[in-house]
$ cat target.cif   # mmCIF, C-alpha atoms
data_query
loop_
_atom_site.label_atom_id
_atom_site.label_comp_id
_atom_site.auth_asym_id
_atom_site.auth_seq_id
_atom_site.Cartn_x
_atom_site.Cartn_y
_atom_site.Cartn_z
CA MET A 1404 -80.06 -51.61 100.79
CA GLY A 1405 -81.95 -50.21 97.83
CA LEU A 1406 -81.48 -50.98 94.17
CA ALA A 1407 -78.89 -48.93 92.38
CA GLY A 1408 -80.12 -46.52 89.76
CA PRO A 1409 -78.79 -46.32 86.21
CA ARG A 1410 -76.09 -43.89 87.17
CA ASP A 1411 -74.97 -46.13 90.02
CA GLN A 1412 -74.57 -49.18 87.78
CA PRO A 1413 -70.96 -49.98 86.81
CA SER A 1414 -70.17 -49.16 83.19
CA LEU A 1415 -69.52 -52.13 80.90
CA LEU A 1416 -66.62 -50.28 79.33
CA GLY A 1417 -65.17 -48.92 82.57
CA GLU A 1418 -64.96 -45.43 83.95
CA ASN A 1419 -62.44 -44.27 81.36
CA MET A 1420 -64.56 -45.47 78.43
CA ARG A 1421 -67.83 -43.55 78.92
CA LEU A 1422 -69.33 -42.53 75.58
CA SER A 1423 -70.67 -39.18 74.49
CA LYS A 1424 -73.78 -38.81 72.33
CA ARG A 1425 -71.69 -38.14 69.22
CA GLN A 1426 -69.60 -41.24 69.81
CA VAL A 1427 -72.75 -43.33 70.26
CA VAL A 1428 -74.01 -42.05 66.89
CA ILE A 1429 -70.71 -43.08 65.27
CA ILE A 1430 -70.91 -46.55 66.85
CA ILE A 1431 -74.46 -47.07 65.56
CA LYS A 1432 -73.63 -45.72 62.08
CA PHE A 1433 -70.60 -47.96 61.57
CA HIS A 1434 -72.15 -50.99 63.31
CA ILE A 1435 -69.47 -51.13 65.98
CA SER A 1436 -70.09 -53.54 68.83
CA PRO A 1437 -69.42 -51.94 72.26
CA LEU A 1438 -67.67 -55.17 73.23
CA ALA A 1439 -65.08 -54.45 70.53
CA LEU A 1440 -63.98 -51.45 72.58
CA LEU A 1441 -63.08 -53.55 75.60
CA PRO A 1442 -59.48 -54.32 74.47
CA PHE A 1443 -58.86 -50.59 74.21
CA GLN A 1444 -59.85 -50.22 77.86
CA PHE A 1445 -57.13 -52.62 79.00
CA LEU A 1446 -54.64 -50.77 76.78
CA ARG A 1447 -55.83 -47.48 78.37
CA PHE A 1448 -56.74 -45.92 75.03
CA PRO A 1449 -58.83 -42.72 75.20
CA VAL A 1450 -62.40 -43.37 74.15
CA HIS A 1451 -62.31 -41.05 71.14
CA GLN A 1452 -59.26 -42.84 69.74
CA ALA A 1453 -60.88 -46.26 70.25
CA VAL A 1454 -64.05 -45.23 68.42
CA PHE A 1455 -62.03 -43.69 65.61
CA VAL A 1456 -59.92 -46.85 65.11
CA MET A 1457 -62.97 -49.12 65.03
CA ALA A 1458 -64.80 -46.81 62.62
CA VAL A 1459 -61.84 -46.80 60.23
CA ALA A 1460 -61.55 -50.60 60.50
CA SER A 1461 -65.19 -51.05 59.53
CA PHE A 1462 -64.78 -48.48 56.76
CA LEU A 1463 -61.80 -50.05 54.94
CA PRO A 1464 -63.52 -53.01 53.20
CA SER A 1465 -65.94 -50.66 51.46
CA ILE A 1466 -63.03 -48.83 49.84
CA PHE A 1467 -62.07 -51.79 47.69
CA SER A 1468 -65.49 -53.44 47.48
CA PRO A 1469 -66.77 -53.63 43.89
CA SER A 1470 -70.29 -53.53 45.31
CA THR A 1471 -69.93 -49.95 46.56
CA ASN A 1472 -67.15 -48.45 44.41
CA LEU A 1473 -66.49 -46.00 47.25
CA LEU A 1474 -63.31 -44.64 45.70
CA LEU A 1475 -65.30 -43.51 42.69
CA ARG A 1476 -67.80 -41.80 44.96
CA LEU A 1477 -65.01 -40.04 46.87
CA ARG A 1478 -63.76 -38.56 43.61
CA GLY A 1479 -66.84 -36.36 43.43
CA SER A 1480 -69.58 -38.32 41.71
CA ARG A 1481 -72.81 -36.40 42.42
CA SER A 1482 -75.10 -38.72 40.51
CA PHE A 1483 -74.41 -41.84 42.54
CA SER A 1484 -77.27 -44.33 42.38
CA PRO A 1485 -77.88 -48.11 42.25
CA THR A 1486 -78.28 -47.87 38.49
CA SER A 1487 -74.77 -46.43 38.14
CA ILE A 1488 -73.42 -49.34 40.19
CA ALA A 1489 -75.13 -51.84 37.89
CA HIS A 1490 -73.76 -50.09 34.82
CA PHE A 1491 -70.27 -50.05 36.32
CA HIS A 1492 -70.47 -53.79 37.07
CA SER A 1493 -71.62 -54.60 33.54
CA ARG A 1494 -68.81 -52.51 32.09
CA ARG A 1495 -66.09 -53.84 34.38
CA ARG A 1496 -67.17 -57.50 34.52
CA ARG A 1497 -64.30 -59.61 33.31
CA LEU A 1498 -64.61 -61.98 30.36
CA CYS A 1499 -65.04 -65.41 31.91
CA LYS A 1500 -64.71 -67.42 28.72
CA LEU A 1501 -60.92 -67.20 28.48
CA ARG A 1502 -58.64 -70.18 29.09
CA ALA A 1503 -55.12 -71.24 28.30
CA THR A 1504 -54.48 -72.50 24.80
CA ILE A 1505 -53.27 -76.01 23.95
CA LEU A 1506 -49.53 -75.85 23.40
CA ARG A 1507 -47.35 -78.25 21.47
CA GLU A 1508 -45.92 -81.18 23.39
CA ASN A 1509 -42.37 -80.49 22.22
CA GLU A 1510 -42.51 -76.79 23.02
CA LYS A 1511 -39.48 -75.47 24.88
CA VAL A 1512 -40.36 -74.12 28.30
CA VAL A 1513 -39.24 -70.50 28.59
CA VAL A 1514 -39.62 -67.88 31.29
CA GLU A 1515 -38.88 -64.68 29.42
CA GLU A 1516 -41.56 -64.57 26.71
CA THR A 1517 -44.73 -64.26 28.74
CA PHE A 1518 -47.99 -62.33 28.90
CA GLN A 1519 -49.42 -63.73 25.67
CA PRO A 1520 -53.24 -64.02 25.54
CA LYS A 1521 -54.71 -67.51 25.55
CA THR A 1522 -58.01 -69.05 24.47
CA SER A 1523 -60.10 -71.95 25.63
CA PRO A 1524 -58.86 -75.50 24.90
CA ASN A 1525 -62.47 -76.45 24.25
CA ASP A 1526 -62.94 -73.66 21.72
CA ASP A 1527 -62.73 -74.86 18.13
CA THR A 1528 -62.71 -71.29 16.80
CA ASN A 1529 -59.61 -70.14 18.64
CA ASN A 1530 -58.01 -68.41 15.69
CA GLU A 1531 -59.14 -65.01 16.90
CA PRO A 1532 -57.27 -63.86 20.00
CA PRO A 1533 -59.29 -62.37 22.87
CA GLU A 1534 -59.51 -58.63 23.13
CA VAL A 1535 -56.56 -57.72 25.30
CA GLN A 1536 -55.22 -54.19 25.31
CA PRO A 1537 -51.49 -54.09 24.51
CA PRO A 1538 -49.36 -52.76 27.35
CA GLY A 1539 -48.19 -49.18 27.14
CA SER A 1540 -44.59 -48.03 27.26
CA VAL A 1541 -44.66 -47.54 31.04
CA GLU A 1542 -46.27 -50.94 31.62
CA LYS A 1543 -43.72 -52.61 29.33
CA TRP A 1544 -40.96 -51.07 31.42
CA VAL A 1545 -42.64 -52.29 34.61
CA ILE A 1546 -43.00 -55.82 33.16
CA LYS A 1547 -39.34 -55.87 32.18
CA LEU A 1548 -38.34 -54.70 35.66
CA GLU A 1549 -40.51 -57.36 37.32
CA GLN A 1550 -39.06 -60.10 35.15
CA SER A 1551 -35.50 -58.91 35.76
CA ILE A 1552 -36.02 -59.00 39.52
CA ASN A 1553 -37.58 -62.46 39.36
CA ILE A 1554 -34.81 -63.89 37.20
CA PHE A 1555 -32.19 -62.39 39.54
CA LEU A 1556 -33.88 -63.96 42.58
CA THR A 1557 -34.22 -67.33 40.86
CA ASP A 1558 -30.63 -67.34 39.63
CA SER A 1559 -29.38 -66.48 43.12
CA VAL A 1560 -31.21 -69.42 44.68
CA ILE A 1561 -30.03 -71.72 41.87
CA LYS A 1562 -26.40 -70.80 42.57
CA VAL A 1563 -26.87 -71.70 46.24
CA LEU A 1564 -28.48 -75.02 45.34
CA ASP A 1565 -25.73 -75.80 42.81
CA ALA A 1566 -23.07 -75.18 45.45
CA LEU A 1567 -24.77 -77.33 48.10
CA TYR A 1568 -26.27 -80.10 45.98
CA HIS A 1569 -24.08 -80.54 42.91
CA ASP A 1570 -23.72 -84.29 43.57
CA ARG A 1571 -26.78 -84.96 45.77
CA ASP A 1572 -29.78 -85.32 43.48
CA TYR A 1573 -32.58 -86.53 45.76
CA PRO A 1574 -31.91 -83.99 48.56
CA ARG A 1575 -31.85 -81.27 45.90
CA PHE A 1576 -35.19 -82.46 44.57
CA PHE A 1577 -36.60 -82.48 48.10
CA VAL A 1578 -35.55 -78.86 48.66
CA LEU A 1579 -36.80 -77.86 45.22
CA GLU A 1580 -40.23 -79.44 45.70
CA THR A 1581 -40.58 -77.91 49.17
CA ILE A 1582 -39.95 -74.48 47.65
CA ALA A 1583 -41.97 -75.01 44.45
CA ARG A 1584 -45.29 -75.65 46.17
CA VAL A 1585 -45.13 -72.59 48.43
CA PRO A 1586 -46.46 -70.03 45.88
CA TYR A 1587 -49.73 -71.90 45.50
CA PHE A 1588 -50.31 -71.68 49.27
CA ALA A 1589 -49.62 -67.96 49.05
CA PHE A 1590 -51.96 -67.43 46.08
CA ILE A 1591 -54.78 -69.27 47.84
CA SER A 1592 -54.22 -67.30 51.06
CA VAL A 1593 -54.52 -63.93 49.32
CA LEU A 1594 -57.50 -65.02 47.23
CA HIS A 1595 -59.29 -66.23 50.36
CA MET A 1596 -58.55 -62.88 52.00
CA TYR A 1597 -60.13 -61.01 49.07
CA GLU A 1598 -63.20 -63.24 49.18
CA SER A 1599 -63.54 -63.03 52.97
CA PHE A 1600 -63.46 -59.23 52.83
CA GLY A 1601 -66.11 -59.30 50.11
CA TRP A 1602 -63.92 -57.54 47.56
CA TRP A 1603 -64.02 -60.03 44.71
CA ARG A 1604 -64.01 -63.77 44.08
CA LYS A 1605 -61.86 -65.91 41.76
CA SER A 1606 -63.14 -69.43 42.26
CA GLU A 1607 -61.44 -70.73 39.11
CA TYR A 1608 -58.05 -69.60 40.39
CA LEU A 1609 -58.68 -71.20 43.79
CA LYS A 1610 -59.45 -74.56 42.18
CA VAL A 1611 -56.46 -74.53 39.86
CA HIS A 1612 -53.98 -73.38 42.51
CA PHE A 1613 -55.20 -76.01 44.98
CA ALA A 1614 -54.76 -78.67 42.29
CA GLU A 1615 -51.23 -77.38 41.66
CA SER A 1616 -50.37 -77.57 45.35
CA TRP A 1617 -51.82 -81.12 45.47
CA ASN A 1618 -49.57 -82.16 42.58
CA GLU A 1619 -46.47 -80.60 44.14
CA MET A 1620 -47.26 -82.27 47.47
CA HIS A 1621 -47.07 -85.69 45.81
CA HIS A 1622 -43.77 -84.75 44.18
CA LEU A 1623 -42.52 -83.95 47.67
CA LEU A 1624 -43.82 -87.26 49.05
CA ILE A 1625 -41.97 -89.11 46.29
CA MET A 1626 -38.71 -87.36 47.18
CA GLU A 1627 -39.21 -88.17 50.85
CA GLU A 1628 -39.79 -91.82 49.93
CA LEU A 1629 -36.46 -91.75 48.06
CA GLY A 1630 -34.67 -90.41 51.16
CA GLY A 1631 -34.28 -86.80 50.07
CA ASN A 1632 -35.14 -85.52 53.56
CA ALA A 1633 -32.88 -87.86 55.52
CA TRP A 1634 -30.38 -85.20 56.66
CA TRP A 1635 -31.57 -82.56 59.12
CA PHE A 1636 -29.73 -79.78 57.30
CA ASP A 1637 -31.72 -80.37 54.11
CA ARG A 1638 -34.98 -80.19 56.04
CA PHE A 1639 -33.81 -77.09 57.93
CA LEU A 1640 -32.76 -75.29 54.74
CA ALA A 1641 -35.88 -76.20 52.76
CA GLN A 1642 -38.30 -75.25 55.53
CA HIS A 1643 -36.73 -71.88 56.26
CA ILE A 1644 -36.49 -70.93 52.60
CA ALA A 1645 -40.14 -71.93 52.26
CA ILE A 1646 -41.20 -69.69 55.16
CA PHE A 1647 -39.40 -66.67 53.71
CA TYR A 1648 -40.66 -67.47 50.21
CA TYR A 1649 -44.26 -67.72 51.44
CA PHE A 1650 -44.42 -64.27 53.01
CA MET A 1651 -42.53 -62.72 50.10
CA THR A 1652 -45.00 -64.25 47.63
CA VAL A 1653 -48.02 -63.12 49.67
CA PHE A 1654 -46.73 -59.54 49.62
CA MET A 1655 -45.81 -59.75 45.94
CA TYR A 1656 -49.14 -61.32 44.94
CA ALA A 1657 -51.11 -58.64 46.77
CA LEU A 1658 -49.19 -55.91 44.93
CA SER A 1659 -48.66 -57.50 41.50
CA PRO A 1660 -50.10 -60.96 40.74
CA ARG A 1661 -48.41 -60.81 37.35
CA MET A 1662 -44.99 -60.58 38.98
CA ALA A 1663 -45.80 -63.35 41.47
CA TYR A 1664 -46.96 -65.66 38.68
CA HIS A 1665 -43.84 -64.95 36.66
CA LEU A 1666 -41.61 -65.74 39.64
CA SER A 1667 -43.44 -69.05 40.07
CA GLU A 1668 -42.96 -69.72 36.36
CA CYS A 1669 -39.23 -69.15 36.79
CA VAL A 1670 -39.10 -71.66 39.66
CA GLU A 1671 -41.12 -74.24 37.74
CA SER A 1672 -38.96 -73.74 34.66
CA HIS A 1673 -35.83 -74.44 36.70
CA ALA A 1674 -37.50 -77.56 38.09
CA PHE A 1675 -38.30 -78.72 34.57
CA GLU A 1676 -34.72 -78.19 33.42
CA THR A 1677 -33.35 -79.93 36.54
CA TYR A 1678 -35.44 -83.06 36.05
CA ASP A 1679 -34.80 -83.09 32.31
CA LYS A 1680 -31.04 -82.99 32.87
CA PHE A 1681 -31.29 -85.72 35.53
CA ILE A 1682 -33.28 -88.00 33.21
CA LYS A 1683 -30.77 -87.60 30.39
CA GLU A 1684 -27.84 -88.38 32.68
CA LYS A 1685 -29.36 -91.21 34.76
CA GLY A 1686 -32.00 -92.56 32.39
CA ASP A 1687 -30.49 -96.04 31.99
CA GLU A 1688 -30.12 -96.48 35.74
CA LEU A 1689 -33.66 -95.26 36.43
CA LYS A 1690 -35.16 -97.80 34.04
CA LYS A 1691 -33.76 -100.61 36.22
CA LEU A 1692 -35.31 -99.30 39.47
CA ALA A 1693 -38.77 -100.20 40.75
CA PRO A 1694 -41.22 -97.28 40.73
CA SER A 1695 -42.10 -95.27 43.78
CA LYS A 1696 -45.20 -96.53 45.60
CA VAL A 1697 -46.42 -92.96 46.07
CA ALA A 1698 -46.03 -92.28 42.36
CA VAL A 1699 -47.90 -95.44 41.34
CA LYS A 1700 -50.79 -94.59 43.66
CA TYR A 1701 -50.97 -90.93 42.63
CA TYR A 1702 -50.64 -91.35 38.86
CA THR A 1703 -52.57 -94.58 38.32
CA GLU A 1704 -54.80 -95.47 41.28
CA GLU A 1705 -56.28 -92.25 42.66
CA ASP A 1706 -59.04 -90.08 41.29
CA LEU A 1707 -57.32 -87.95 38.64
CA TYR A 1708 -59.72 -85.00 38.74
CA LEU A 1709 -57.18 -82.76 40.48
CA PHE A 1710 -54.45 -84.14 38.21
CA ASP A 1711 -56.37 -82.80 35.20
CA GLU A 1712 -57.32 -79.59 37.01
CA PHE A 1713 -53.86 -78.01 37.17
CA GLN A 1714 -53.13 -78.74 33.50
CA THR A 1715 -55.08 -75.81 32.06
CA ALA A 1716 -53.42 -76.18 28.64
CA ARG A 1717 -54.97 -79.63 28.20
CA LEU A 1718 -58.41 -81.11 27.92
CA PRO A 1719 -59.39 -83.39 30.81
CA ASN A 1720 -58.61 -87.13 30.44
CA THR A 1721 -56.01 -86.53 27.72
CA ARG A 1722 -52.97 -87.44 29.83
CA ARG A 1723 -52.90 -90.75 31.68
CA PRO A 1724 -49.38 -91.74 32.84
CA ILE A 1725 -48.08 -95.30 32.80
CA ILE A 1726 -45.67 -96.01 35.66
CA GLN A 1727 -43.43 -99.07 35.28
CA ASN A 1728 -40.11 -97.85 36.69
CA MET A 1729 -38.40 -94.80 38.15
CA TYR A 1730 -37.68 -93.51 34.69
CA ASP A 1731 -41.44 -93.16 34.11
CA VAL A 1732 -41.81 -91.51 37.51
CA PHE A 1733 -39.29 -88.76 36.77
CA MET A 1734 -40.57 -88.34 33.23
CA ASN A 1735 -44.03 -87.58 34.59
CA ILE A 1736 -42.69 -85.27 37.29
CA ARG A 1737 -40.79 -83.37 34.60
CA ASP A 1738 -43.93 -83.15 32.45
CA ASP A 1739 -45.89 -81.91 35.46
CA GLU A 1740 -43.42 -79.06 35.86
CA ALA A 1741 -43.87 -78.15 32.20
CA GLU A 1742 -47.65 -78.00 32.72
CA HIS A 1743 -47.14 -75.76 35.76
CA CYS A 1744 -45.08 -73.42 33.59
CA LYS A 1745 -47.86 -73.18 31.00
CA THR A 1746 -50.47 -72.49 33.67
CA MET A 1747 -48.32 -69.82 35.33
CA LYS A 1748 -47.75 -68.19 31.96
CA ALA A 1749 -51.49 -68.10 31.31
CA CYS A 1750 -52.13 -66.54 34.73
CA GLN A 1751 -49.92 -63.57 33.91
CA THR A 1752 -52.64 -62.19 31.63
CA HIS A 1753 -55.41 -61.00 33.92
CA GLY A 1754 -58.63 -63.01 33.63
CA ASN A 1755 -56.94 -65.52 31.33
CA LEU A 1756 -57.40 -68.68 33.41
CA ARG A 1757 -60.28 -71.08 33.77
CA SER A 1758 -60.68 -74.56 35.15
CA PRO A 1759 -60.32 -77.28 32.48
CA HIS A 1760 -63.47 -78.90 33.89
CA ALA A 1761 -65.60 -75.77 33.60
CA SER A 1762 -68.22 -75.79 30.86
CA GLU A 1763 -68.50 -72.97 28.36
CA ASP A 1764 -71.71 -71.66 29.97
CA ASP A 1765 -70.49 -72.00 33.55
CA ASP A 1766 -70.08 -68.57 35.12
CA LEU A 1767 -69.73 -69.65 38.74
CA GLY A 1768 -66.58 -67.57 39.05
CA CYS A 1769 -68.56 -64.40 38.29
CA ILE A 1770 -71.43 -64.71 40.76
CA LEU A 1771 -69.74 -62.29 43.11
CA PRO A 1772 -69.03 -59.12 41.08
CA ASP A 1773 -65.43 -58.83 40.00
CA ALA A 1774 -63.73 -55.46 40.19
CA GLY A 1775 -61.57 -56.31 37.19
CA CYS A 1776 -58.47 -55.79 39.30
CA GLU A 1777 -55.28 -57.81 39.46
CA GLY A 1778 -54.52 -56.82 43.04
CA ILE A 1779 -55.00 -54.14 45.65
CA VAL A 1780 -52.69 -51.62 44.00
CA ASP A 1781 -54.22 -52.20 40.56
CA CYS A 1782 -57.74 -51.82 41.98
CA ILE A 1783 -56.89 -48.51 43.64
CA LYS A 1784 -55.20 -47.27 40.46
CA LYS A 1785 -58.19 -48.14 38.27
CA SER A 1786 -60.65 -46.66 40.74
CA ILE A 1787 -58.76 -43.36 40.70
CA THR A 1788 -57.95 -43.12 36.99
CA ASN A 1789 -61.29 -44.32 35.55
CA PRO A 1790 -63.88 -41.53 35.58
CA PRO A 1791 -67.22 -42.32 37.21
CA ASN A 1792 -70.37 -42.55 35.09
#
$ encode --input "target.cif" --output "C-alpha cells"
Amino acid sequence: MGLAGPRDQPSLLGENMRLSKRQVVIIIKFHISPLALLPFQFLRFPVHQAVFVMAVASFLPSIFSPSTNLLLRLRGSRSFSPTSIAHFHSRRRRLCKLRATILRENEKVVVEETFQPKTSPNDDTNNEPPEVQPPGSVEKWVIKLEQSINIFLTDSVIKVLDALYHDRDYPRFFVLETIARVPYFAFISVLHMYESFGWWRKSEYLKVHFAESWNEMHHLLIMEELGGNAWWFDRFLAQHIAIFYYFMTVFMYALSPRMAYHLSECVESHAFETYDKFIKEKGDELKKLAPSKVAVKYYTEEDLYLFDEFQTARLPNTRRPIIQNMYDVFMNIRDDEAEHCKTMKACQTHGNLRSPHASEDDDLGCILPDAGCEGIVDCIKKSITNPPN
C-alpha cells in the first residue's frame, strides 16, 4: 500500500471547508488561524461565510483602537501616515493632572448638581479651574434626561425597600450594601474589556474602583456579622437585584459612563441619607453596643492604603477612624458613603479622576494612548465628527 499523495490526504477542515486561493489570501491578511474555522465545520457553515465572519471579528478592534484611528481613515483621509497618528495622539491625549477637589466636611451630599470640574487635592494653586468645555444645549438636554432616568430608577427601588424594610434596619443595610458595590464590579469589567482589546487604558480608574469595591465589601461583611442576611428572602432579593443591576450598569457604562456614574452617585447618596437617619434615631443605643469585629479590623488594624485610595477628595493619611462602639462604626460607614458620592461626582467629568496616591509627575495612566473617549458611543461620535489632519 503506497503513501497517499497530497490530494489523497484528509483535509484538516473537512470536505465542506476546502479553501480557494482568494480565501487563503484573506486568512493570511487578517491573521486568521485555520483552526478557528473548525467550529464552523461542525455548524455546517459554508466556507465563505466562515472566512467572512472571522475576518470581521479580527477587524473590529482596529475600528476603535486609538493606535490606528481607522474610522478617521475610512472617512477619506488620503494623507494617512505615522506622523499624522502621532499628531492625533498628542492632540487628543487627555490631561492627566486632574483630580477631585477637597470638599468641606459639612457639605451636604446632593445628586442633582453634578458635572463640575475638579482639581488636584495636592495642588496649592487650584484657584484656576481646568479647561473644560461647557456642554452645549443638546448635551445639557441629554444630561438632564440621564439624571431624570437615574433618579426615577433610584426612587423606584427606594419605595420597594421602604415597603419591605421599614422596621428592619440591618436586613435593609445588607440589601443596600449588596446593591451598592455592584457598579464598581461593572466599571472594572468594562475597563478591563477596553484594555484587553487594546482600545485605551484607564489605570487610575481601575485602582479607585477596586478600592471602592473593597470598602463596600467590608460594609457588607459588617452587616452580615450583625445578622442582616439571616433570612433567605433578604439574600434572594439582594442577590437577584444585584445580578440585574450589574448587567444594566455594564450596558450603561459602555454607552455613557457619565450616566452610570451619576446612577451610582444616586445610590450612594441614598445610602448616606439612610445611615445618617439611622444614627440620629438610634445613636444612644448604638453607643452602648460593642463594635463590630470586622469594623475594628478594617478601620484600625489593616493596611489602609485602599481605604485612602477610594477617597479621591482627600489627601492620603488624613482620615484615621477610631472605633470604640457601634455608633463609631455607623458614623464611619456613613462617612464612607459620602466619600463615594464625591468620587462618583468627580468621575462624571471625563478625565477628572486620579488616584490620591499618584504623584504629580506620574503618568502611568497615559502609557497606552488614550482616545479621549468616555465610552464606545462617544468614541465613534468623535471619530466621525472630528476631521482628520
$ resolve_selection --input "target.cif" --expression "the PyMOL selection byres ((chain A and resi 1758) around 8)" --output "MDAnalysis selection string"
chainID A and resid 1502 1607:1608 1610:1611 1712:1713 1715 1756:1757 1759:1761
$ resolve_selection --input "target.cif" --expression "the PyMOL selection byres ((chain A and resi 1698-1703) around 7)" --output "PDB file with C-alpha atoms, in the frame of the given file"
ATOM      1  CA  ILE A1625     -41.970 -89.110  46.290  1.00  0.00           C
ATOM      2  CA  PRO A1694     -41.220 -97.280  40.730  1.00  0.00           C
ATOM      3  CA  SER A1695     -42.100 -95.270  43.780  1.00  0.00           C
ATOM      4  CA  LYS A1696     -45.200 -96.530  45.600  1.00  0.00           C
ATOM      5  CA  VAL A1697     -46.420 -92.960  46.070  1.00  0.00           C
ATOM      6  CA  GLU A1704     -54.800 -95.470  41.280  1.00  0.00           C
ATOM      7  CA  GLU A1705     -56.280 -92.250  42.660  1.00  0.00           C
ATOM      8  CA  PRO A1724     -49.380 -91.740  32.840  1.00  0.00           C
ATOM      9  CA  ILE A1726     -45.670 -96.010  35.660  1.00  0.00           C
ATOM     10  CA  VAL A1732     -41.810 -91.510  37.510  1.00  0.00           C
TER      11      VAL A1732
END
$ resolve_selection --input "target.cif" --expression "the PyMOL selection byres ((chain A and resi 1632) around 12)" --output "PDB file with C-alpha atoms, keeping the file's coordinate frame"
ATOM      1  CA  ARG A1571     -26.780 -84.960  45.770  1.00  0.00           C
ATOM      2  CA  ASP A1572     -29.780 -85.320  43.480  1.00  0.00           C
ATOM      3  CA  TYR A1573     -32.580 -86.530  45.760  1.00  0.00           C
ATOM      4  CA  PRO A1574     -31.910 -83.990  48.560  1.00  0.00           C
ATOM      5  CA  ARG A1575     -31.850 -81.270  45.900  1.00  0.00           C
ATOM      6  CA  PHE A1576     -35.190 -82.460  44.570  1.00  0.00           C
ATOM      7  CA  PHE A1577     -36.600 -82.480  48.100  1.00  0.00           C
ATOM      8  CA  VAL A1578     -35.550 -78.860  48.660  1.00  0.00           C
ATOM      9  CA  LEU A1579     -36.800 -77.860  45.220  1.00  0.00           C
ATOM     10  CA  GLU A1580     -40.230 -79.440  45.700  1.00  0.00           C
ATOM     11  CA  THR A1581     -40.580 -77.910  49.170  1.00  0.00           C
ATOM     12  CA  LEU A1623     -42.520 -83.950  47.670  1.00  0.00           C
ATOM     13  CA  LEU A1624     -43.820 -87.260  49.050  1.00  0.00           C
ATOM     14  CA  ILE A1625     -41.970 -89.110  46.290  1.00  0.00           C
ATOM     15  CA  MET A1626     -38.710 -87.360  47.180  1.00  0.00           C
ATOM     16  CA  GLU A1627     -39.210 -88.170  50.850  1.00  0.00           C
ATOM     17  CA  GLU A1628     -39.790 -91.820  49.930  1.00  0.00           C
ATOM     18  CA  LEU A1629     -36.460 -91.750  48.060  1.00  0.00           C
ATOM     19  CA  GLY A1630     -34.670 -90.410  51.160  1.00  0.00           C
ATOM     20  CA  GLY A1631     -34.280 -86.800  50.070  1.00  0.00           C
ATOM     21  CA  ALA A1633     -32.880 -87.860  55.520  1.00  0.00           C
ATOM     22  CA  TRP A1634     -30.380 -85.200  56.660  1.00  0.00           C
ATOM     23  CA  TRP A1635     -31.570 -82.560  59.120  1.00  0.00           C
ATOM     24  CA  PHE A1636     -29.730 -79.780  57.300  1.00  0.00           C
ATOM     25  CA  ASP A1637     -31.720 -80.370  54.110  1.00  0.00           C
ATOM     26  CA  ARG A1638     -34.980 -80.190  56.040  1.00  0.00           C
ATOM     27  CA  PHE A1639     -33.810 -77.090  57.930  1.00  0.00           C
ATOM     28  CA  LEU A1640     -32.760 -75.290  54.740  1.00  0.00           C
ATOM     29  CA  ALA A1641     -35.880 -76.200  52.760  1.00  0.00           C
ATOM     30  CA  GLN A1642     -38.300 -75.250  55.530  1.00  0.00           C
TER      31      GLN A1642
END
$ atom_distance --input "target.cif" --atom1 "atom CA of His1753 of chain A" --atom2 "atom CA of Tyr1587 of chain A"
16.9 Å
$ atom_distance --input "target.cif" --atom1 "atom CA of Asp1731 of chain A" --atom2 "atom CA of Gln1714 of chain A"
18.6 Å
$ atom_distance --input "target.cif" --atom1 "atom CA of Leu1692 of chain A" --atom2 "atom CA of Glu1742 of chain A"
25.5 Å
$ closest_residue --input "target.cif" --among "A:Phe1590, A:Tyr1597, A:Tyr1730, A:Trp1602" --to "Ala1663 of chain A" --atoms "only C-alpha atoms"
A:Phe1590
$ build_atoms --input "target.cif" --residues "segment 1726-1734 of chain A" --atoms "N, CA, C and O atoms" --output "compact mmCIF listing (two decimals), keeping the file's coordinate frame"
# COMPACT_ATOMS: atom_id res chain seq x y z
N ILE A 1726 -46.83 -95.96 34.77
CA ILE A 1726 -45.67 -96.01 35.66
C ILE A 1726 -45.18 -97.46 35.76
O ILE A 1726 -45.88 -98.31 36.34
N GLN A 1727 -44.02 -97.73 35.21
CA GLN A 1727 -43.43 -99.07 35.28
C GLN A 1727 -42.08 -99.08 35.99
O GLN A 1727 -41.65 -100.13 36.47
N ASN A 1728 -41.41 -97.94 36.04
CA ASN A 1728 -40.11 -97.85 36.69
C ASN A 1728 -39.86 -96.41 37.10
O ASN A 1728 -40.72 -95.53 36.86
N MET A 1729 -38.71 -96.16 37.70
CA MET A 1729 -38.40 -94.80 38.15
C MET A 1729 -38.18 -93.84 36.99
O MET A 1729 -38.37 -92.63 37.15
N TYR A 1730 -37.81 -94.36 35.87
CA TYR A 1730 -37.68 -93.51 34.69
C TYR A 1730 -39.04 -92.88 34.35
O TYR A 1730 -39.13 -91.68 34.07
N ASP A 1731 -40.10 -93.68 34.37
CA ASP A 1731 -41.44 -93.16 34.11
C ASP A 1731 -41.85 -92.16 35.18
O ASP A 1731 -42.54 -91.17 34.89
N VAL A 1732 -41.45 -92.42 36.42
CA VAL A 1732 -41.81 -91.51 37.51
C VAL A 1732 -41.23 -90.12 37.25
O VAL A 1732 -41.94 -89.10 37.30
N PHE A 1733 -39.93 -90.06 36.97
CA PHE A 1733 -39.29 -88.76 36.77
C PHE A 1733 -39.71 -88.11 35.45
O PHE A 1733 -39.74 -86.87 35.34
N MET A 1734 -40.04 -88.91 34.47
CA MET A 1734 -40.57 -88.34 33.23
C MET A 1734 -41.88 -87.60 33.50
O MET A 1734 -42.11 -86.50 32.98
